[in-house]
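A.B. asks: Below is data-v2.tsv; it holds TSV, N, CA and C atoms.
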chain	number	residue	atom	x	y	z
P	72	MET	N	50.00	78.55	-22.46
P	72	MET	CA	49.89	79.98	-22.34
P	72	MET	C	49.36	80.61	-23.64
P	73	ASN	N	49.81	80.12	-24.77
P	73	ASN	CA	49.32	80.64	-26.05
P	73	ASN	C	47.83	80.37	-26.23
P	74	ALA	N	47.36	79.24	-25.72
P	74	ALA	CA	45.94	78.90	-25.83
P	74	ALA	C	45.10	79.91	-25.05
P	75	ILE	N	45.59	80.33	-23.90
P	75	ILE	CA	44.87	81.32	-23.09
P	75	ILE	C	44.83	82.66	-23.81
P	76	ARG	N	45.95	83.06	-24.41
P	76	ARG	CA	45.99	84.32	-25.14
P	76	ARG	C	45.02	84.30	-26.33
P	77	ARG	N	44.87	83.15	-26.94
P	77	ARG	CA	43.93	83.05	-28.07
P	77	ARG	C	42.48	83.11	-27.60
P	78	LEU	N	42.21	82.65	-26.38
P	78	LEU	CA	40.85	82.65	-25.86
P	78	LEU	C	40.42	84.02	-25.33
P	79	LEU	N	41.34	84.85	-24.90
P	79	LEU	CA	41.00	86.13	-24.30
P	79	LEU	C	40.12	87.00	-25.20
P	80	PRO	N	40.43	87.18	-26.49
P	80	PRO	CA	39.54	87.99	-27.33
P	80	PRO	C	38.13	87.40	-27.41
P	81	ALA	N	38.04	86.08	-27.49
P	81	ALA	CA	36.72	85.44	-27.57
P	81	ALA	C	35.95	85.65	-26.27
P	82	LEU	N	36.64	85.53	-25.13
P	82	LEU	CA	35.98	85.76	-23.85
P	82	LEU	C	35.52	87.21	-23.71
P	83	GLY	N	36.34	88.13	-24.16
P	83	GLY	CA	35.96	89.54	-24.12
P	83	GLY	C	34.74	89.82	-24.97
P	84	THR	N	34.70	89.22	-26.15
P	84	THR	CA	33.55	89.39	-27.04
P	84	THR	C	32.30	88.78	-26.41
P	85	ALA	N	32.43	87.60	-25.80
P	85	ALA	CA	31.29	86.95	-25.16
P	85	ALA	C	30.76	87.81	-24.00
P	86	ALA	N	31.67	88.39	-23.23
P	86	ALA	CA	31.25	89.25	-22.12
P	86	ALA	C	30.54	90.49	-22.65
P	87	LEU	N	31.05	91.06	-23.73
P	87	LEU	CA	30.42	92.23	-24.33
P	87	LEU	C	29.03	91.89	-24.84
P	88	LEU	N	28.87	90.77	-25.52
P	88	LEU	CA	27.56	90.37	-26.03
P	88	LEU	C	26.59	90.09	-24.89
P	89	ALA	N	27.07	89.47	-23.82
P	89	ALA	CA	26.19	89.22	-22.67
P	89	ALA	C	25.72	90.54	-22.08
P	90	GLY	N	26.60	91.54	-22.03
P	90	GLY	CA	26.21	92.86	-21.53
P	90	GLY	C	25.18	93.51	-22.43
P	91	CYS	N	25.31	93.35	-23.73
P	91	CYS	CA	24.35	93.93	-24.67
P	91	CYS	C	22.98	93.28	-24.53
P	92	ALA	N	22.96	91.97	-24.38
P	92	ALA	CA	21.68	91.28	-24.22
P	92	ALA	C	20.99	91.77	-22.95
P	93	SER	N	21.76	91.96	-21.91
P	93	SER	CA	21.18	92.44	-20.65
P	93	SER	C	20.63	93.84	-20.83
P	94	ALA	N	21.32	94.70	-21.56
P	94	ALA	CA	20.85	96.06	-21.80
P	94	ALA	C	19.57	96.03	-22.65
P	95	GLU	N	19.52	95.13	-23.63
P	95	GLU	CA	18.31	94.99	-24.45
P	95	GLU	C	17.13	94.55	-23.60
P	96	ASP	N	17.37	93.57	-22.73
P	96	ASP	CA	16.30	93.10	-21.85
P	96	ASP	C	15.81	94.23	-20.96
P	97	HIS	N	16.73	95.01	-20.44
P	97	HIS	CA	16.36	96.14	-19.59
P	97	HIS	C	15.54	97.16	-20.39
P	98	ALA	N	15.96	97.45	-21.59
P	98	ALA	CA	15.24	98.42	-22.43
P	98	ALA	C	13.83	97.92	-22.72
P	99	ARG	N	13.69	96.64	-23.01
P	99	ARG	CA	12.35	96.07	-23.26
P	99	ARG	C	11.48	96.18	-22.01
P	100	SER	N	12.07	95.90	-20.86
P	100	SER	CA	11.33	95.97	-19.61
P	100	SER	C	10.86	97.40	-19.33
P	101	VAL	N	11.75	98.37	-19.54
P	101	VAL	CA	11.40	99.77	-19.34
P	101	VAL	C	10.31	100.19	-20.32
P	102	ALA	N	10.42	99.77	-21.57
P	102	ALA	CA	9.41	100.11	-22.58
P	102	ALA	C	8.06	99.51	-22.22
P	103	ALA	N	8.05	98.27	-21.74
P	103	ALA	CA	6.79	97.64	-21.34
P	103	ALA	C	6.16	98.38	-20.18
P	104	GLY	N	6.98	98.82	-19.23
P	104	GLY	CA	6.48	99.60	-18.10
P	104	GLY	C	5.89	100.92	-18.54
P	105	ARG	N	6.56	101.58	-19.47
P	105	ARG	CA	6.05	102.86	-19.99
P	105	ARG	C	4.75	102.65	-20.74
P	106	GLU	N	4.68	101.56	-21.50
P	106	GLU	CA	3.46	101.28	-22.25
P	106	GLU	C	2.28	101.08	-21.30
P	107	ALA	N	2.49	100.32	-20.24
P	107	ALA	CA	1.42	100.11	-19.25
P	107	ALA	C	1.05	101.43	-18.59
P	108	GLN	N	2.06	102.23	-18.28
P	108	GLN	CA	1.79	103.53	-17.65
P	108	GLN	C	1.02	104.44	-18.60
P	109	ASP	N	1.39	104.42	-19.89
P	109	ASP	CA	0.69	105.25	-20.87
P	109	ASP	C	-0.76	104.81	-21.04
P	110	ARG	N	-1.03	103.53	-20.87
P	110	ARG	CA	-2.39	103.01	-21.02
P	110	ARG	C	-3.26	103.35	-19.82
P	111	MET	N	-2.67	103.72	-18.69
P	111	MET	CA	-3.46	103.93	-17.49
P	111	MET	C	-4.16	105.28	-17.53
P	112	THR	N	-5.47	105.22	-17.73
P	112	THR	CA	-6.32	106.40	-17.73
P	112	THR	C	-7.55	106.07	-16.89
P	113	VAL	N	-8.35	107.07	-16.58
P	113	VAL	CA	-9.60	106.84	-15.86
P	113	VAL	C	-10.46	105.86	-16.66
P	114	GLY	N	-10.52	106.04	-17.96
P	114	GLY	CA	-11.31	105.14	-18.81
P	114	GLY	C	-10.83	103.70	-18.73
P	115	THR	N	-9.51	103.50	-18.71
P	115	THR	CA	-8.95	102.16	-18.60
P	115	THR	C	-9.37	101.52	-17.28
P	116	VAL	N	-9.27	102.28	-16.19
P	116	VAL	CA	-9.66	101.77	-14.88
P	116	VAL	C	-11.14	101.42	-14.89
P	117	GLN	N	-11.97	102.30	-15.40
P	117	GLN	CA	-13.42	102.06	-15.42
P	117	GLN	C	-13.78	100.85	-16.29
P	118	ARG	N	-13.11	100.70	-17.42
P	118	ARG	CA	-13.42	99.62	-18.37
P	118	ARG	C	-12.85	98.27	-17.95
P	119	GLU	N	-11.62	98.28	-17.42
P	119	GLU	CA	-10.87	97.03	-17.27
P	119	GLU	C	-10.84	96.45	-15.86
P	120	ILE	N	-10.88	97.28	-14.84
P	120	ILE	CA	-10.71	96.76	-13.47
P	120	ILE	C	-12.07	96.35	-12.92
P	121	ARG	N	-12.14	95.14	-12.39
P	121	ARG	CA	-13.37	94.58	-11.86
P	121	ARG	C	-13.10	93.89	-10.52
P	122	VAL	N	-14.10	93.90	-9.65
P	122	VAL	CA	-14.03	93.15	-8.41
P	122	VAL	C	-13.89	91.67	-8.77
P	123	GLY	N	-13.01	90.96	-8.07
P	123	GLY	CA	-12.78	89.55	-8.33
P	123	GLY	C	-11.57	89.25	-9.19
P	124	MET	N	-10.95	90.29	-9.78
P	124	MET	CA	-9.75	90.08	-10.60
P	124	MET	C	-8.58	89.68	-9.72
P	125	SER	N	-7.65	88.92	-10.28
P	125	SER	CA	-6.42	88.57	-9.56
P	125	SER	C	-5.41	89.71	-9.70
P	126	GLY	N	-4.40	89.68	-8.84
P	126	GLY	CA	-3.34	90.67	-8.93
P	126	GLY	C	-2.60	90.61	-10.26
P	127	ALA	N	-2.44	89.40	-10.81
P	127	ALA	CA	-1.77	89.25	-12.11
P	127	ALA	C	-2.58	89.92	-13.21
P	128	GLU	N	-3.90	89.79	-13.15
P	128	GLU	CA	-4.75	90.41	-14.16
P	128	GLU	C	-4.69	91.94	-14.06
P	129	VAL	N	-4.68	92.45	-12.83
P	129	VAL	CA	-4.58	93.90	-12.64
P	129	VAL	C	-3.24	94.40	-13.16
P	130	ALA	N	-2.16	93.69	-12.82
P	130	ALA	CA	-0.82	94.09	-13.27
P	130	ALA	C	-0.72	94.06	-14.79
P	131	ALA	N	-1.40	93.12	-15.44
P	131	ALA	CA	-1.37	93.07	-16.91
P	131	ALA	C	-2.04	94.29	-17.51
P	132	VAL	N	-3.03	94.85	-16.82
P	132	VAL	CA	-3.75	96.02	-17.34
P	132	VAL	C	-3.04	97.32	-16.96
P	133	LEU	N	-2.63	97.45	-15.70
P	133	LEU	CA	-2.10	98.73	-15.20
P	133	LEU	C	-0.60	98.75	-14.99
P	134	GLY	N	0.06	97.62	-15.04
P	134	GLY	CA	1.49	97.59	-14.75
P	134	GLY	C	1.73	97.45	-13.26
P	135	SER	N	2.94	97.71	-12.84
P	135	SER	CA	3.30	97.58	-11.43
P	135	SER	C	2.84	98.79	-10.64
P	136	PRO	N	2.38	98.57	-9.41
P	136	PRO	CA	1.94	99.70	-8.58
P	136	PRO	C	3.13	100.46	-8.01
P	137	ASN	N	2.89	101.71	-7.61
P	137	ASN	CA	3.93	102.50	-6.95
P	137	ASN	C	4.12	102.07	-5.50
P	138	ILE	N	3.03	101.71	-4.84
P	138	ILE	CA	3.06	101.37	-3.42
P	138	ILE	C	2.23	100.11	-3.19
P	139	VAL	N	2.76	99.20	-2.37
P	139	VAL	CA	2.01	98.02	-1.94
P	139	VAL	C	2.06	98.00	-0.42
P	140	THR	N	0.88	97.95	0.22
P	140	THR	CA	0.82	97.88	1.68
P	140	THR	C	-0.12	96.74	2.08
P	141	THR	N	-0.12	96.40	3.36
P	141	THR	CA	-1.05	95.42	3.88
P	141	THR	C	-1.78	96.02	5.08
P	142	ASP	N	-2.99	95.53	5.29
P	142	ASP	CA	-3.76	95.99	6.45
P	142	ASP	C	-3.55	95.02	7.62
P	143	GLU	N	-4.33	95.21	8.70
P	143	GLU	CA	-4.18	94.38	9.91
P	143	GLU	C	-4.54	92.92	9.66
P	144	GLN	N	-5.27	92.63	8.60
P	144	GLN	CA	-5.61	91.25	8.26
P	144	GLN	C	-4.69	90.69	7.17
P	145	ARG	N	-3.62	91.40	6.87
P	145	ARG	CA	-2.61	91.00	5.88
P	145	ARG	C	-3.15	91.00	4.45
P	146	ARG	N	-4.20	91.77	4.19
P	146	ARG	CA	-4.72	91.93	2.83
P	146	ARG	C	-3.96	93.06	2.16
P	147	GLU	N	-3.59	92.86	0.91
P	147	GLU	CA	-2.79	93.87	0.20
P	147	GLU	C	-3.65	95.01	-0.34
P	148	THR	N	-3.03	96.17	-0.40
P	148	THR	CA	-3.58	97.34	-1.08
P	148	THR	C	-2.52	97.84	-2.03
P	149	TRP	N	-2.89	98.02	-3.29
P	149	TRP	CA	-1.98	98.54	-4.31
P	149	TRP	C	-2.38	99.97	-4.62
P	150	VAL	N	-1.38	100.85	-4.70
P	150	VAL	CA	-1.62	102.25	-5.04
P	150	VAL	C	-0.83	102.59	-6.30
P	151	TYR	N	-1.54	103.11	-7.27
P	151	TYR	CA	-0.93	103.63	-8.50
P	151	TYR	C	-1.06	105.14	-8.44
P	152	ASP	N	0.04	105.83	-8.60
P	152	ASP	CA	0.02	107.29	-8.55
P	152	ASP	C	0.78	107.81	-9.77
P	153	ARG	N	0.07	108.40	-10.69
P	153	ARG	CA	0.68	108.87	-11.94
P	153	ARG	C	0.50	110.38	-12.07
P	154	ILE	N	1.55	111.03	-12.56
P	154	ILE	CA	1.52	112.46	-12.82
P	154	ILE	C	2.06	112.68	-14.23
P	155	ALA	N	1.33	113.43	-15.03
P	155	ALA	CA	1.77	113.75	-16.39
P	155	ALA	C	1.82	115.26	-16.54
P	156	THR	N	2.91	115.75	-17.08
P	156	THR	CA	3.07	117.17	-17.35
P	156	THR	C	3.14	117.37	-18.85
P	157	GLU	N	2.36	118.30	-19.34
P	157	GLU	CA	2.36	118.59	-20.77
P	157	GLU	C	2.74	120.05	-20.97
P	158	GLN	N	3.75	120.28	-21.78
P	158	GLN	CA	4.19	121.63	-22.09
P	158	GLN	C	4.01	121.87	-23.58
P	159	VAL	N	3.35	122.96	-23.88
P	159	VAL	CA	3.10	123.32	-25.27
P	159	VAL	C	3.67	124.71	-25.51
P	160	TYR	N	4.43	124.85	-26.57
P	160	TYR	CA	4.98	126.15	-26.93
P	160	TYR	C	4.74	126.36	-28.41
P	161	SER	N	4.20	127.49	-28.74
P	161	SER	CA	4.04	127.81	-30.16
P	161	SER	C	4.67	129.16	-30.41
P	162	SER	N	5.22	129.30	-31.57
P	162	SER	CA	5.83	130.59	-31.91
P	162	SER	C	5.55	130.90	-33.37
P	163	SER	N	5.60	132.16	-33.64
P	163	SER	CA	5.49	132.59	-35.03
P	163	SER	C	6.55	133.63	-35.24
P	164	GLN	N	7.06	133.66	-36.42
P	164	GLN	CA	8.12	134.59	-36.75
P	164	GLN	C	7.70	135.36	-37.99
P	165	GLY	N	7.75	136.66	-37.92
P	165	GLY	CA	7.37	137.50	-39.05
P	165	GLY	C	8.51	137.59	-40.05
P	166	GLY	N	8.58	136.64	-40.96
P	166	GLY	CA	9.66	136.63	-41.94
P	166	GLY	C	9.56	137.77	-42.94
P	167	ALA	N	8.36	138.21	-43.26
P	167	ALA	CA	8.19	139.30	-44.22
P	167	ALA	C	8.75	140.60	-43.67
P	168	GLY	N	8.78	140.74	-42.36
P	168	GLY	CA	9.31	141.95	-41.74
P	168	GLY	C	10.79	142.14	-42.04
P	169	VAL	N	11.50	141.07	-42.28
P	169	VAL	CA	12.93	141.14	-42.58
P	169	VAL	C	13.13	141.85	-43.92
P	170	LEU	N	12.29	141.55	-44.88
P	170	LEU	CA	12.44	142.14	-46.20
P	170	LEU	C	12.12	143.63	-46.22
P	171	PHE	N	11.08	144.01	-45.50
P	171	PHE	CA	10.62	145.39	-45.62
P	171	PHE	C	11.17	146.32	-44.55
P	172	LEU	N	11.63	145.75	-43.42
P	172	LEU	CA	12.09	146.62	-42.34
P	172	LEU	C	13.60	146.63	-42.19
P	173	GLY	N	14.30	146.10	-43.14
P	173	GLY	CA	15.74	146.19	-43.14
P	173	GLY	C	16.40	145.40	-42.02
P	174	GLY	N	15.98	144.16	-41.80
P	174	GLY	CA	16.64	143.30	-40.83
P	174	GLY	C	15.87	143.12	-39.54
P	175	ALA	N	14.88	143.89	-39.27
P	175	ALA	CA	14.09	143.69	-38.05
P	175	ALA	C	13.08	142.58	-38.30
P	176	SER	N	12.94	141.71	-37.35
P	176	SER	CA	11.93	140.66	-37.50
P	176	SER	C	11.09	140.60	-36.24
P	177	GLY	N	9.85	140.25	-36.40
P	177	GLY	CA	8.95	140.15	-35.26
P	177	GLY	C	8.78	138.71	-34.83
P	178	ARG	N	8.87	138.45	-33.52
P	178	ARG	CA	8.66	137.11	-32.99
P	178	ARG	C	7.58	137.18	-31.93
P	179	ALA	N	6.75	136.20	-31.94
P	179	ALA	CA	5.71	136.09	-30.92
P	179	ALA	C	5.61	134.63	-30.51
P	180	GLY	N	5.27	134.39	-29.26
P	180	GLY	CA	5.16	133.01	-28.81
P	180	GLY	C	4.25	132.93	-27.61
P	181	ALA	N	3.79	131.74	-27.38
P	181	ALA	CA	2.94	131.47	-26.22
P	181	ALA	C	3.33	130.12	-25.65
P	182	ALA	N	3.32	130.01	-24.34
P	182	ALA	CA	3.66	128.75	-23.69
P	182	ALA	C	2.55	128.38	-22.72
P	183	SER	N	2.32	127.10	-22.61
P	183	SER	CA	1.29	126.62	-21.70
P	183	SER	C	1.78	125.31	-21.06
P	184	THR	N	1.58	125.18	-19.76
P	184	THR	CA	1.94	123.96	-19.05
P	184	THR	C	0.73	123.49	-18.27
P	185	SER	N	0.44	122.20	-18.37
P	185	SER	CA	-0.67	121.64	-17.59
P	185	SER	C	-0.22	120.32	-16.99
P	186	GLN	N	-0.85	119.94	-15.89
P	186	GLN	CA	-0.54	118.67	-15.25
P	186	GLN	C	-1.82	117.89	-15.01
P	187	ARG	N	-1.69	116.59	-15.12
P	187	ARG	CA	-2.78	115.69	-14.82
P	187	ARG	C	-2.28	114.67	-13.81
P	188	THR	N	-3.12	114.34	-12.84
P	188	THR	CA	-2.76	113.30	-11.88
P	188	THR	C	-3.85	112.23	-11.89
P	189	LEU	N	-3.45	111.01	-11.63
P	189	LEU	CA	-4.38	109.90	-11.50
P	189	LEU	C	-3.87	109.01	-10.38
P	190	THR	N	-4.70	108.82	-9.36
P	190	THR	CA	-4.39	107.92	-8.27
P	190	THR	C	-5.44	106.82	-8.26
P	191	VAL	N	-4.97	105.57	-8.28
P	191	VAL	CA	-5.85	104.41	-8.26
P	191	VAL	C	-5.48	103.57	-7.04
P	192	ILE	N	-6.47	103.22	-6.24
P	192	ILE	CA	-6.25	102.40	-5.05
P	192	ILE	C	-7.05	101.12	-5.22
P	193	ILE	N	-6.35	99.99	-5.15
P	193	ILE	CA	-6.99	98.68	-5.32
P	193	ILE	C	-6.76	97.87	-4.06
P	194	ARG	N	-7.86	97.41	-3.44
P	194	ARG	CA	-7.80	96.63	-2.22
P	194	ARG	C	-8.13	95.17	-2.55
P	195	TYR	N	-7.31	94.27	-2.03
P	195	TYR	CA	-7.48	92.84	-2.28
P	195	TYR	C	-8.05	92.14	-1.05
P	196	ASP	N	-8.74	91.02	-1.28
P	196	ASP	CA	-9.24	90.21	-0.17
P	196	ASP	C	-8.16	89.21	0.25
P	197	ALA	N	-8.49	88.35	1.20
P	197	ALA	CA	-7.52	87.38	1.72
P	197	ALA	C	-7.09	86.37	0.65
P	198	ALA	N	-7.93	86.15	-0.36
P	198	ALA	CA	-7.61	85.21	-1.44
P	198	ALA	C	-6.81	85.87	-2.56
P	199	GLY	N	-6.51	87.16	-2.43
P	199	GLY	CA	-5.74	87.86	-3.45
P	199	GLY	C	-6.56	88.35	-4.63
P	200	LYS	N	-7.87	88.47	-4.45
P	200	LYS	CA	-8.76	88.98	-5.50
P	200	LYS	C	-9.18	90.40	-5.16
P	201	VAL	N	-9.44	91.22	-6.18
P	201	VAL	CA	-9.86	92.60	-5.97
P	201	VAL	C	-11.19	92.60	-5.21
P	202	ARG	N	-11.21	93.27	-4.06
P	202	ARG	CA	-12.47	93.38	-3.30
P	202	ARG	C	-13.07	94.77	-3.43
P	203	ASP	N	-12.23	95.76	-3.78
P	203	ASP	CA	-12.69	97.13	-3.86
P	203	ASP	C	-11.63	97.94	-4.60
P	204	PHE	N	-12.06	98.98	-5.32
P	204	PHE	CA	-11.08	99.89	-5.93
P	204	PHE	C	-11.70	101.27	-6.04
P	205	SER	N	-10.84	102.26	-6.04
P	205	SER	CA	-11.28	103.66	-6.19
P	205	SER	C	-10.22	104.40	-6.98
P	206	TYR	N	-10.60	105.55	-7.50
P	206	TYR	CA	-9.64	106.36	-8.28
P	206	TYR	C	-9.98	107.82	-8.12
P	207	ARG	N	-8.97	108.65	-8.34
P	207	ARG	CA	-9.12	110.10	-8.24
P	207	ARG	C	-8.27	110.71	-9.35
P	208	SER	N	-8.87	111.63	-10.06
P	208	SER	CA	-8.18	112.28	-11.18
P	208	SER	C	-8.28	113.78	-11.03
P	209	SER	N	-7.22	114.48	-11.38
P	209	SER	CA	-7.26	115.94	-11.37
P	209	SER	C	-6.47	116.48	-12.56
P	210	SER	N	-6.81	117.68	-12.92
P	210	SER	CA	-6.13	118.34	-14.04
P	210	SER	C	-6.00	119.82	-13.69
P	211	PHE	N	-4.80	120.36	-13.82
P	211	PHE	CA	-4.60	121.78	-13.54
P	211	PHE	C	-3.44	122.31	-14.33
Using the file provided, produce a representation of the structure as structure tokens.
C.D. replies:
Amino acid sequence: MNAIRRLLPALGTAALLAGCASAEDHARSVAAGREAQDRMTVGTVQREIRVGMSGAEVAAVLGSPNIVTTDEQRRETWVYDRIATEQVYSSSQGGAGVLFLGGASGRAGAASTSQRTLTVIIRYDAAGKVRDFSYRSSSF
């Protein structure tokens, strides 16, 4: 019984370390996915994607697709759909107004929000090679 009591702290520590390693692996996986997503631009698609590429080569360039479907001949189609929102806010504060106006200060600001979308559709042949691809980009 004493031997079991002595092992419990070690087992707890081992379980905790195993959990940490798993969290690290997950964080690395998420970071790799974000990196691939950040790299996906119209230019990347135009430069890197070619007819005849394998699915593994496409995944190395663009990451995992959002949607995978098959047609009536069981050929895969991969769809990448990305949306990016950018918010910019700038402000200025009239600090000199505090000195001369007895505590009143002037504030001004401007905000702007824009969105960009990119949809990439990659169609594979029966051998699993890219047979066709298209893309659509918008900004508003």
A.B. asks: Mind giving me the straight-line distance from atom N of Glu157 (chain P) to CA of Gln186 (chain P) in Å, one decimal?
C.D. replies: 5.0 Å
A.B. asks: So how far away is CA of Gly180 (chain P) from CA of Val159 (chain P), in Å?
C.D. replies: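 Value for the CA of Val159 (chain P)-CA of Gly180 (chain P) distance: 10.5 Å.
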A.B. asks: Just the number, please: distance in Å from atom C of Gly199 (chain P) to atom C of Glu128 (chain P), one decimal.
C.D. replies: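 Separation of atom C of Gly199 (chain P) and atom C of Glu128 (chain P): 10.3 Å.
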A.B. asks: Taking only C-alpha atoms into account, name the residue in P:Tyr195, P:Ser183, P:Arg207, P:Lys200 that is nearest to Arg146 (chain P).
C.D. replies: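 Selected residue with least distance to Arg146 (chain P): P:Tyr195.
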A.B. asks: For a quick check of understanding, using only C-alpha atoms, which of P:Arg145, P:Tyr151, P:Ser162, P:Ala197 has the smallest distance to Val116 (chain P)?
C.D. replies: P:Tyr151
A.B. asks: Got a sec: who's within 12 Å of Ile120 (chain P), counting only C-alpha atoms, leaving out chain neighbours fewer than 3 positions off, as a ChimeraX atom specification?
C.D. replies: /P:111-117,123-133,191-194,200-206
A.B. asks: Restricting the calculation to only C-alpha atoms: of P:Ser161, P:Thr140, P:Ser135, P:Thr148, which residue gets closest to Thr184 (chain P)?
C.D. replies: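 Among the listed residues, the smallest separation from Thr184 (chain P) belongs to P:Ser161.
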A.B. asks: Residues of region 119-165 of chain P classed as strand (DSSP E or B) by DSSP on the backbone are to be reported as number ranges by chain.
C.D. replies: P: 125, 138-141, 147-165
